[in-house]
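Undergrad: I am sharing protein_35.pdb, which consists of PDB, C-alpha atoms and all ligand atoms:
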```pdb
MODEL        1
ATOM      1  CA  MET A   1      70.043 150.139 101.406
ATOM      2  CA  PRO A   2      73.339 148.701 102.721
ATOM      3  CA  GLU A   3      73.896 144.990 103.398
ATOM      4  CA  ILE A   4      72.610 143.646 106.703
ATOM      5  CA  GLU A   5      74.715 141.257 108.789
ATOM      6  CA  VAL A   6      73.138 138.999 111.375
ATOM      7  CA  PHE A   7      74.815 136.606 113.822
ATOM      8  CA  ALA A   8      73.258 133.181 114.423
ATOM      9  CA  PRO A   9      74.846 131.892 117.639
ATOM     10  CA  ALA A  10      74.925 128.262 118.782
ATOM     11  CA  LYS A  11      72.195 127.441 121.309
ATOM     12  CA  VAL A  12      73.191 125.279 124.265
ATOM     13  CA  ASN A  13      70.711 123.442 126.483
ATOM     14  CA  LEU A  14      72.425 123.730 129.875
ATOM     15  CA  ALA A  15      69.686 121.436 131.193
ATOM     16  CA  LEU A  16      66.795 119.758 129.367
ATOM     17  CA  HIS A  17      64.045 117.849 131.147
ATOM     18  CA  VAL A  18      61.364 115.960 129.202
ATOM     19  CA  THR A  19      58.156 116.435 131.180
ATOM     20  CA  GLY A  20      55.431 115.002 128.950
ATOM     21  CA  GLN A  21      54.125 114.517 125.437
ATOM     22  CA  ARG A  22      51.399 116.366 123.507
ATOM     23  CA  ALA A  23      48.660 114.617 121.569
ATOM     24  CA  ASP A  24      50.447 115.558 118.295
ATOM     25  CA  GLY A  25      53.600 113.671 119.380
ATOM     26  CA  TYR A  26      55.745 116.695 120.277
ATOM     27  CA  HIS A  27      57.383 116.488 123.692
ATOM     28  CA  LEU A  28      56.947 118.964 126.523
ATOM     29  CA  LEU A  29      60.299 120.239 127.703
ATOM     30  CA  ASP A  30      61.640 122.304 130.575
ATOM     31  CA  SER A  31      65.042 123.653 129.581
ATOM     32  CA  LEU A  32      67.595 126.314 130.453
ATOM     33  CA  VAL A  33      69.293 127.660 127.319
ATOM     34  CA  ALA A  34      72.243 129.989 126.785
ATOM     35  CA  PHE A  35      74.091 131.075 123.646
ATOM     36  CA  ALA A  36      77.723 130.701 122.563
ATOM     37  CA  PRO A  37      80.068 133.146 120.846
ATOM     38  CA  ALA A  38      80.449 130.467 118.118
ATOM     39  CA  GLY A  39      77.857 130.702 115.367
ATOM     40  CA  ASP A  40      76.873 131.126 111.738
ATOM     41  CA  ARG A  41      76.699 134.489 109.952
ATOM     42  CA  LEU A  42      74.083 135.745 107.507
ATOM     43  CA  ARG A  43      74.535 138.630 105.083
ATOM     44  CA  LEU A  44      71.440 140.033 103.357
ATOM     45  CA  ALA A  45      71.878 142.196 100.261
ATOM     46  CA  PRO A  46      68.811 143.842  98.702
ATOM     47  CA  ALA A  47      67.918 141.961  95.471
ATOM     48  CA  ASP A  48      65.093 141.512  92.985
ATOM     49  CA  ALA A  49      64.260 138.001  94.208
ATOM     50  CA  MET A  50      65.040 135.808  97.222
ATOM     51  CA  ALA A  51      68.196 133.717  96.776
ATOM     52  CA  LEU A  52      70.535 131.786  99.087
ATOM     53  CA  THR A  53      74.193 130.830  98.889
ATOM     54  CA  VAL A  54      75.818 128.671 101.566
ATOM     55  CA  ARG A  55      79.580 128.593 102.172
ATOM     56  CA  GLY A  56      81.960 128.060 105.067
ATOM     57  CA  PRO A  57      83.677 125.207 106.908
ATOM     58  CA  GLU A  58      80.399 123.405 107.775
ATOM     59  CA  SER A  59      78.495 124.045 104.532
ATOM     60  CA  ARG A  60      78.833 120.562 103.034
ATOM     61  CA  GLY A  61      75.408 119.042 102.401
ATOM     62  CA  VAL A  62      73.502 122.179 103.471
ATOM     63  CA  PRO A  63      70.865 122.878 100.777
ATOM     64  CA  GLU A  64      70.667 126.233  98.990
ATOM     65  CA  GLY A  65      67.101 125.590  97.757
ATOM     66  CA  PRO A  66      63.660 126.379  99.194
ATOM     67  CA  GLU A  67      63.968 123.517 101.720
ATOM     68  CA  ASN A  68      66.583 125.521 103.658
ATOM     69  CA  LEU A  69      64.994 126.978 106.817
ATOM     70  CA  VAL A  70      66.527 130.372 105.968
ATOM     71  CA  LEU A  71      64.381 130.673 102.825
ATOM     72  CA  LYS A  72      61.333 129.211 104.596
ATOM     73  CA  ALA A  73      61.772 131.870 107.314
ATOM     74  CA  ALA A  74      62.167 134.695 104.785
ATOM     75  CA  ALA A  75      59.023 133.503 102.958
ATOM     76  CA  LEU A  76      56.941 134.261 106.094
ATOM     77  CA  TYR A  77      57.185 137.970 105.208
ATOM     78  CA  GLY A  78      55.262 137.495 101.936
ATOM     79  CA  PRO A  79      55.791 139.485  98.745
ATOM     80  CA  GLY A  80      57.870 142.673  98.984
ATOM     81  CA  PRO A  81      61.521 143.776  99.051
ATOM     82  CA  ALA A  82      63.745 140.694  98.640
ATOM     83  CA  ALA A  83      67.323 139.777  99.541
ATOM     84  CA  ALA A  84      70.193 137.668  98.287
ATOM     85  CA  ILE A  85      71.205 135.899 101.508
ATOM     86  CA  HIS A  86      74.694 134.548 102.082
ATOM     87  CA  LEU A  87      74.956 132.002 104.895
ATOM     88  CA  GLN A  88      78.440 131.387 106.321
ATOM     89  CA  LYS A  89      78.071 127.993 108.007
ATOM     90  CA  CYS A  90      80.420 127.459 110.956
ATOM     91  CA  LEU A  91      78.215 125.226 113.158
ATOM     92  CA  PRO A  92      77.883 121.525 112.333
ATOM     93  CA  ALA A  93      74.387 120.574 111.095
ATOM     94  CA  ALA A  94      71.980 118.309 113.012
ATOM     95  CA  SER A  95      74.072 118.532 116.159
ATOM     96  CA  GLY A  96      71.883 119.684 119.069
ATOM     97  CA  ILE A  97      73.064 123.290 119.120
ATOM     98  CA  GLY A  98      70.245 124.700 117.015
ATOM     99  CA  GLY A  99      72.251 125.634 113.931
ATOM    100  CA  GLY A 100      69.298 125.481 111.535
ATOM    101  CA  SER A 101      66.950 127.138 114.041
ATOM    102  CA  SER A 102      69.415 129.916 114.774
ATOM    103  CA  ASP A 103      69.914 130.498 111.026
ATOM    104  CA  ALA A 104      66.136 130.710 110.566
ATOM    105  CA  ALA A 105      65.830 133.145 113.501
ATOM    106  CA  ALA A 106      68.655 135.286 112.085
ATOM    107  CA  ALA A 107      66.901 135.326 108.693
ATOM    108  CA  LEU A 108      63.703 136.500 110.435
ATOM    109  CA  ARG A 109      65.642 139.325 112.135
ATOM    110  CA  GLY A 110      67.515 140.263 108.952
ATOM    111  CA  MET A 111      64.394 140.337 106.782
ATOM    112  CA  ALA A 112      62.556 142.403 109.418
ATOM    113  CA  ALA A 113      65.408 144.950 109.337
ATOM    114  CA  LEU A 114      65.386 144.959 105.518
ATOM    115  CA  ARG A 115      61.640 145.561 105.384
ATOM    116  CA  GLY A 116      61.514 147.917 108.380
ATOM    117  CA  VAL A 117      58.940 145.729 110.149
ATOM    118  CA  ALA A 118      58.820 143.819 113.467
ATOM    119  CA  PRO A 119      60.241 140.257 113.299
ATOM    120  CA  ALA A 120      57.624 137.584 112.555
ATOM    121  CA  ALA A 121      56.221 135.888 115.663
ATOM    122  CA  GLY A 122      53.680 133.276 116.711
ATOM    123  CA  ALA A 123      52.677 129.852 115.443
ATOM    124  CA  ALA A 124      54.259 130.226 111.980
ATOM    125  CA  VAL A 125      57.659 130.766 113.635
ATOM    126  CA  VAL A 126      57.265 127.714 115.932
ATOM    127  CA  LYS A 127      56.331 125.693 112.824
ATOM    128  CA  LEU A 128      59.775 126.447 111.329
ATOM    129  CA  GLY A 129      61.273 124.631 114.324
ATOM    130  CA  ALA A 130      60.584 124.393 118.050
ATOM    131  CA  ASP A 131      63.923 126.107 118.805
ATOM    132  CA  VAL A 132      63.395 129.102 116.473
ATOM    133  CA  PRO A 133      61.516 131.335 118.994
ATOM    134  CA  MET A 134      64.303 131.056 121.595
ATOM    135  CA  CYS A 135      66.915 131.944 118.936
ATOM    136  CA  LEU A 136      65.059 135.122 117.864
ATOM    137  CA  ASP A 137      66.500 137.018 120.825
ATOM    138  CA  PRO A 138      69.505 134.899 121.823
ATOM    139  CA  ARG A 139      69.578 135.540 125.570
ATOM    140  CA  PRO A 140      69.580 133.013 128.428
ATOM    141  CA  ALA A 141      66.045 131.767 129.012
ATOM    142  CA  ARG A 142      64.001 129.036 130.625
ATOM    143  CA  THR A 143      61.974 127.425 127.847
ATOM    144  CA  ARG A 144      58.825 125.387 128.335
ATOM    145  CA  GLY A 145      56.040 123.953 126.182
ATOM    146  CA  ILE A 146      57.751 122.448 123.138
ATOM    147  CA  GLY A 147      60.308 125.258 123.371
ATOM    148  CA  GLU A 148      58.134 128.249 122.536
ATOM    149  CA  GLU A 149      57.285 129.473 126.068
ATOM    150  CA  LEU A 150      60.180 131.689 127.079
ATOM    151  CA  SER A 151      61.108 133.399 130.328
ATOM    152  CA  PRO A 152      64.377 135.365 130.419
ATOM    153  CA  VAL A 153      66.933 134.316 133.056
ATOM    154  CA  THR A 154      70.006 136.197 134.259
ATOM    155  CA  LEU A 155      73.078 133.967 134.122
ATOM    156  CA  PRO A 156      76.744 134.674 134.834
ATOM    157  CA  PRO A 157      78.956 134.057 131.752
ATOM    158  CA  LEU A 158      79.930 130.355 131.790
ATOM    159  CA  PRO A 159      83.374 129.508 130.328
ATOM    160  CA  SER A 160      82.751 126.566 127.994
ATOM    161  CA  VAL A 161      84.077 124.154 125.401
ATOM    162  CA  LEU A 162      81.650 122.733 122.815
ATOM    163  CA  VAL A 163      82.546 119.462 121.083
ATOM    164  CA  ASN A 164      80.869 117.572 118.270
ATOM    165  CA  PRO A 165      82.263 114.182 117.158
ATOM    166  CA  ARG A 166      80.817 114.639 113.653
ATOM    167  CA  VAL A 167      78.092 112.092 114.090
ATOM    168  CA  GLU A 168      74.635 113.273 113.068
ATOM    169  CA  VAL A 169      71.935 112.212 115.512
ATOM    170  CA  SER A 170      68.290 112.167 114.415
ATOM    171  CA  THR A 171      66.180 114.195 116.879
ATOM    172  CA  PRO A 172      62.970 112.157 116.317
ATOM    173  CA  ALA A 173      64.963 108.906 116.809
ATOM    174  CA  VAL A 174      66.297 110.155 120.169
ATOM    175  CA  PHE A 175      62.818 111.186 121.372
ATOM    176  CA  LYS A 176      61.454 107.806 120.233
ATOM    177  CA  ALA A 177      64.116 105.933 122.215
ATOM    178  CA  LEU A 178      63.291 107.697 125.511
ATOM    179  CA  ALA A 179      62.676 105.316 128.405
ATOM    180  CA  SER A 180      60.449 107.861 130.170
ATOM    181  CA  LYS A 181      58.627 110.883 128.762
ATOM    182  CA  ASP A 182      57.205 111.993 132.083
ATOM    183  CA  ASN A 183      60.016 113.322 134.228
ATOM    184  CA  ALA A 184      60.227 115.979 136.920
ATOM    185  CA  PRO A 185      60.731 119.569 135.723
ATOM    186  CA  MET A 186      63.909 121.496 136.549
ATOM    187  CA  ASP A 187      64.272 122.893 140.073
ATOM    188  CA  GLU A 188      63.303 126.526 140.514
ATOM    189  CA  ILE A 189      66.069 128.776 139.217
ATOM    190  CA  PRO A 190      67.587 130.910 141.984
ATOM    191  CA  ALA A 191      69.513 134.168 141.522
ATOM    192  CA  PHE A 192      73.084 132.959 140.906
ATOM    193  CA  ALA A 193      75.881 134.707 142.829
ATOM    194  CA  ASN A 194      78.551 133.604 140.317
ATOM    195  CA  ALA A 195      79.462 130.934 137.740
ATOM    196  CA  ALA A 196      80.410 128.335 140.394
ATOM    197  CA  ASP A 197      77.009 128.784 142.049
ATOM    198  CA  CYS A 198      75.258 128.328 138.704
ATOM    199  CA  ILE A 199      77.325 125.239 137.836
ATOM    200  CA  GLY A 200      76.492 123.747 141.267
ATOM    201  CA  TRP A 201      72.771 124.163 140.479
ATOM    202  CA  LEU A 202      73.208 122.756 136.956
ATOM    203  CA  ALA A 203      74.912 119.662 138.378
ATOM    204  CA  ARG A 204      71.587 118.798 140.058
ATOM    205  CA  GLN A 205      69.655 119.065 136.746
ATOM    206  CA  ARG A 206      69.830 116.748 133.722
ATOM    207  CA  ASN A 207      69.534 116.321 129.998
ATOM    208  CA  ASP A 208      66.896 113.588 129.780
ATOM    209  CA  LEU A 209      67.789 112.993 126.113
ATOM    210  CA  GLN A 210      71.400 112.108 126.919
ATOM    211  CA  PRO A 211      71.032 108.364 127.776
ATOM    212  CA  ALA A 212      68.950 107.708 124.640
ATOM    213  CA  ALA A 213      71.394 109.643 122.431
ATOM    214  CA  VAL A 214      74.397 107.803 123.928
ATOM    215  CA  ALA A 215      72.669 104.470 123.215
ATOM    216  CA  LEU A 216      72.179 105.505 119.547
ATOM    217  CA  ALA A 217      75.645 107.107 119.182
ATOM    218  CA  PRO A 218      78.092 105.671 121.758
ATOM    219  CA  VAL A 219      80.809 108.125 120.648
ATOM    220  CA  ILE A 220      78.912 110.742 122.710
ATOM    221  CA  ALA A 221      80.084 108.948 125.877
ATOM    222  CA  GLU A 222      83.647 109.226 124.561
ATOM    223  CA  VAL A 223      83.231 112.977 124.050
ATOM    224  CA  LEU A 224      81.832 113.435 127.570
ATOM    225  CA  GLY A 225      84.751 111.419 129.007
ATOM    226  CA  ALA A 226      87.354 113.390 127.029
ATOM    227  CA  LEU A 227      85.899 116.714 128.227
ATOM    228  CA  GLU A 228      85.657 115.566 131.842
ATOM    229  CA  ALA A 229      89.342 114.576 131.869
ATOM    230  CA  LEU A 230      90.540 118.092 130.962
ATOM    231  CA  PRO A 231      92.031 120.316 133.698
ATOM    232  CA  GLY A 232      89.577 122.836 135.138
ATOM    233  CA  CYS A 233      86.451 121.066 133.856
ATOM    234  CA  LEU A 234      83.581 121.410 136.355
ATOM    235  CA  LEU A 235      80.593 119.907 134.506
ATOM    236  CA  VAL A 236      79.951 117.971 131.281
ATOM    237  CA  ARG A 237      76.623 117.396 129.517
ATOM    238  CA  MET A 238      75.095 116.908 126.075
ATOM    239  CA  SER A 239      73.115 119.736 124.416
ATOM    240  CA  GLY A 240      69.696 119.165 122.846
ATOM    241  CA  SER A 241      69.388 115.741 121.209
ATOM    242  CA  GLY A 242      73.163 115.634 120.564
ATOM    243  CA  ALA A 243      75.684 114.834 119.511
ATOM    244  CA  THR A 244      77.304 118.125 120.628
ATOM    245  CA  CYS A 245      78.431 118.103 124.272
ATOM    246  CA  PHE A 246      79.703 120.943 126.411
ATOM    247  CA  GLY A 247      82.116 121.258 129.295
ATOM    248  CA  LEU A 248      81.921 124.166 131.737
ATOM    249  CA  PHE A 249      85.307 125.332 133.033
ATOM    250  CA  GLU A 250      86.642 127.319 135.968
ATOM    251  CA  SER A 251      87.948 130.123 133.707
ATOM    252  CA  ASP A 252      88.094 131.286 130.069
ATOM    253  CA  GLU A 253      91.838 130.465 130.055
ATOM    254  CA  ALA A 254      91.172 126.883 131.227
ATOM    255  CA  ALA A 255      88.477 126.503 128.535
ATOM    256  CA  ALA A 256      90.789 127.825 125.791
ATOM    257  CA  ALA A 257      93.628 125.498 126.866
ATOM    258  CA  ALA A 258      91.209 122.558 127.099
ATOM    259  CA  GLN A 259      89.868 123.133 123.592
ATOM    260  CA  ALA A 260      93.409 123.306 122.173
ATOM    261  CA  ARG A 261      94.322 119.976 123.837
ATOM    262  CA  LEU A 262      91.115 118.283 122.789
ATOM    263  CA  ALA A 263      91.368 119.488 119.170
ATOM    264  CA  ALA A 264      94.983 118.288 118.942
ATOM    265  CA  ALA A 265      94.079 114.835 120.299
ATOM    266  CA  ASN A 266      90.904 114.488 118.148
ATOM    267  CA  PRO A 267      91.499 116.223 114.812
ATOM    268  CA  GLY A 268      88.230 114.859 113.382
ATOM    269  CA  TRP A 269      86.050 116.506 116.027
ATOM    270  CA  TRP A 270      84.528 120.004 115.755
ATOM    271  CA  SER A 271      85.069 122.230 118.786
ATOM    272  CA  ALA A 272      84.761 125.818 119.989
ATOM    273  CA  HIS A 273      85.284 127.668 123.251
ATOM    274  CA  GLY A 274      83.992 130.844 124.873
ATOM    275  CA  PRO A 275      81.601 132.073 127.548
ATOM    276  CA  LEU A 276      77.996 130.874 127.251
ATOM    277  CA  GLY A 277      75.420 133.552 127.972
ATOM    278  CA  ASP A 278      73.825 136.495 126.232
ATOM    279  CA  GLN A 279      74.501 136.833 122.473
ATOM    280  CA  SER A 280      71.630 139.242 121.752
ATOM    281  CA  GLU A 281      72.250 142.321 119.628
ATOM    282  CA  ALA A 282      71.728 144.449 122.760
ATOM    283  CA  ALA A 283      74.515 142.565 124.561
ATOM    284  CA  ALA A 284      76.839 142.846 121.538
ATOM    285  CA  ALA A 285      76.213 146.611 121.442
ATOM    286  CA  ARG A 286      77.024 146.885 125.183
ATOM    287  CA  ARG A 287      80.292 144.974 124.654
ATOM    288  CA  THR A 288      81.476 147.326 121.897
ATOM    289  CA  LEU A 289      80.738 150.506 123.897
TER
HETATM  290  O1  LIG A 301      60.738 121.387 115.702
HETATM  291  P1  LIG A 301      61.898 120.626 115.127
HETATM  292  O2  LIG A 301      61.844 120.537 113.648
HETATM  293  O3  LIG A 301      63.196 121.095 115.627
HETATM  294  O4  LIG A 301      61.749 119.146 115.690
HETATM  295  C1  LIG A 301      62.276 118.026 115.046
HETATM  296  C2  LIG A 301      61.603 116.770 115.576
HETATM  297  O5  LIG A 301      61.982 116.575 116.941
HETATM  298  C3  LIG A 301      60.087 116.814 115.609
HETATM  299  O6  LIG A 301      59.556 116.386 114.398
HETATM  300  C4  LIG A 301      59.756 115.871 116.746
HETATM  301  O7  LIG A 301      59.828 114.519 116.301
HETATM  302  C5  LIG A 301      60.899 116.066 117.708
HETATM  303  N1  LIG A 301      60.583 117.045 118.774
HETATM  304  C6  LIG A 301      59.746 116.672 119.813
HETATM  305  N2  LIG A 301      59.457 117.553 120.814
HETATM  306  C7  LIG A 301      59.983 118.803 120.810
HETATM  307  C8  LIG A 301      60.848 119.213 119.765
HETATM  308  C9  LIG A 301      61.129 118.298 118.760
HETATM  309  O8  LIG A 301      59.257 115.532 119.841
HETATM  310  N3  LIG A 301      59.692 119.645 121.803
ENDMDL
END
```
Could you write out this structure as structure tokens?
TA:
Amino acid sequence: MPEIEVFAPAKVNLALHVTGQRADGYHLLDSLVAFAPAGDRLRLAPADAMALTVRGPESRGVPEGPENLVLKAAALYGPGPAAAIHLQKCLPAASGIGGGSSDAAAALRGMAALRGVAPAAGAAVVKLGADVPMCLDPRPARTRGIGEELSPVTLPPLPSVLVNPRVEVSTPAVFKALASKDNAPMDEIPAFANAADCIGWLARQRNDLQPAAVALAPVIAEVLGALEALPGCLLVRMSGSGATCFGLFESDEAAAAAQARLAAANPGWWSAHGPLGDQSEAAAARRTL
């Protein structure tokens, strides 16, 4: 059996409305998510026992033991053929772009391919993390419930820059600091004619976690301001519970130039650029045809 490679793209919440809270404390969300060409990579090699190595520019502090979501995800398949998994970490941890969730989802896909079975699904997957189900098939989707109710959405590719100021923000702390947990859901999602049309709609939606995250980590406001000041920037917002923010730009060229300027001016910040949209394996196969 040859090695299996799986891509774990960054997840971006283009909008995120907090619409309520469940009895168990989890919050009800209404969110539009898309995926970035930036991401982590997993390589699974058949082995006698499960093992994990973590390397790459963002690997510092990421555990290689059983507490890593990648090994927790693989364990859902029970006894049987095992893999030595290599995780190449390119996304900053705890940063609102679903790095850990996307890694777990990629491990679920990789192990399913290794075993020749369907990827795990259901409550056990949600238990790994509320964002894991949406990362299993990384296509644009409206997500409801705590993140596990998915409806696919067709989006035009959105030229973007992602920026993280290298401040870790605690997701539970952000939810706890919310002024209101009972906000209006997103507007109905129309069929978008083009990226400008989609960005116009997004401008009327929100990330309800943004004010609380900015209060906990004021540098997020700096990131949003720096993105907004770049030529060709049409919309800025935070993703998830932060601290990663995104800017949507009028073209891929404007986004690339903006990222270069921003990285030069802020060498300590992590950044990436590229069109947000569909990063599923089906879309990747279509692109290489
Ligand atoms: O599911 P995940 O591990 O990503 O969630 C981390 C924490 O974020 C949860 O323990 C919970 O405090 C908070 N959370 C929430 N509502 C959600 C998702 C996460 O309150 N829908």
Undergrad: What's the separation between atom CA of Gly65 of chain A and atom CA of Ile85 of chain A, in Å to one decimal place?
TA: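 The value is 11.7 Å.
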Undergrad: When you draw a straight line from atom CA of Leu224 of chain A to atom CA of Pro9 of chain A, how long is it in Å?
TA: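 Separation between atom CA of Leu224 of chain A and atom CA of Pro9 of chain A: 22.1 Å.
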Undergrad: Any chance you could work out the residue set of the PyMOL selection byres (((chain A and resi 220) around 12) and not hetatm) here, as a VMD selection string?
TA: chain A and resid 95 to 96 163 to 169 209 to 219 221 to 227 236 to 239 241 to 246 269
Undergrad: For a quick check of understanding, using all atoms listed in the file, which of A:Ala284, A:Leu136, A:Ala47, A:Val62 has the smallest distance to Cys90 of chain A?
TA: A:Val62
Undergrad: Mind giving me the straight-line distance from atom CA of Gly78 of chain A to atom CA of Ala112 of chain A in Å, one decimal?
TA: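 Computing it gives 11.5 Å between the two atoms.
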Undergrad: Pick from A:Cys135, A:Ala73, A:Ala263, A:Val153: nearest to Pro190 of chain A, with only C-alpha atoms counted?
TA: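 Closest residue, counting only C-alpha atoms: A:Val153.
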Undergrad: To check your reading of the model: which residues sit at most 9 Å from ligand LIG 301 (chain A) when counting all atoms listed in the file? Write the answer as JSON, numbers by chain.
TA: {"A": [18, 21, 22, 24, 25, 26, 27, 28, 29, 98, 100, 101, 126, 127, 128, 129, 130, 131, 132, 144, 145, 146, 147, 148, 170, 171, 172, 173, 174, 175, 176, 241]}
Undergrad: Evaluate the PyMOL selection byres (((chain A and resi 151) around 9) and not hetatm) and record the selected residues as a list in words, following the chain and residue labels used in the document.
TA: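 This file, filtered by the PyMOL selection byres (((chain A and resi 151) around 9) and not hetatm), leaves Pro140, Ala141, Arg142, Thr143, Arg144, Glu149, Leu150, Pro152 and Val153 of chain A.
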Undergrad: I'd like the box whose edges run along x, y and z of the file and which contains every listed atom of segment 175-179 of chain A, padded by 5 Å per side; could you state its centre and edge lengths in Å, one decimal, as lines of an AutoDock Vina configuration file?
TA:
```
center_x = 62.8
center_y = 108.3
center_z = 124.3
size_x = 12.7
size_y = 15.9
size_z = 18.2
```
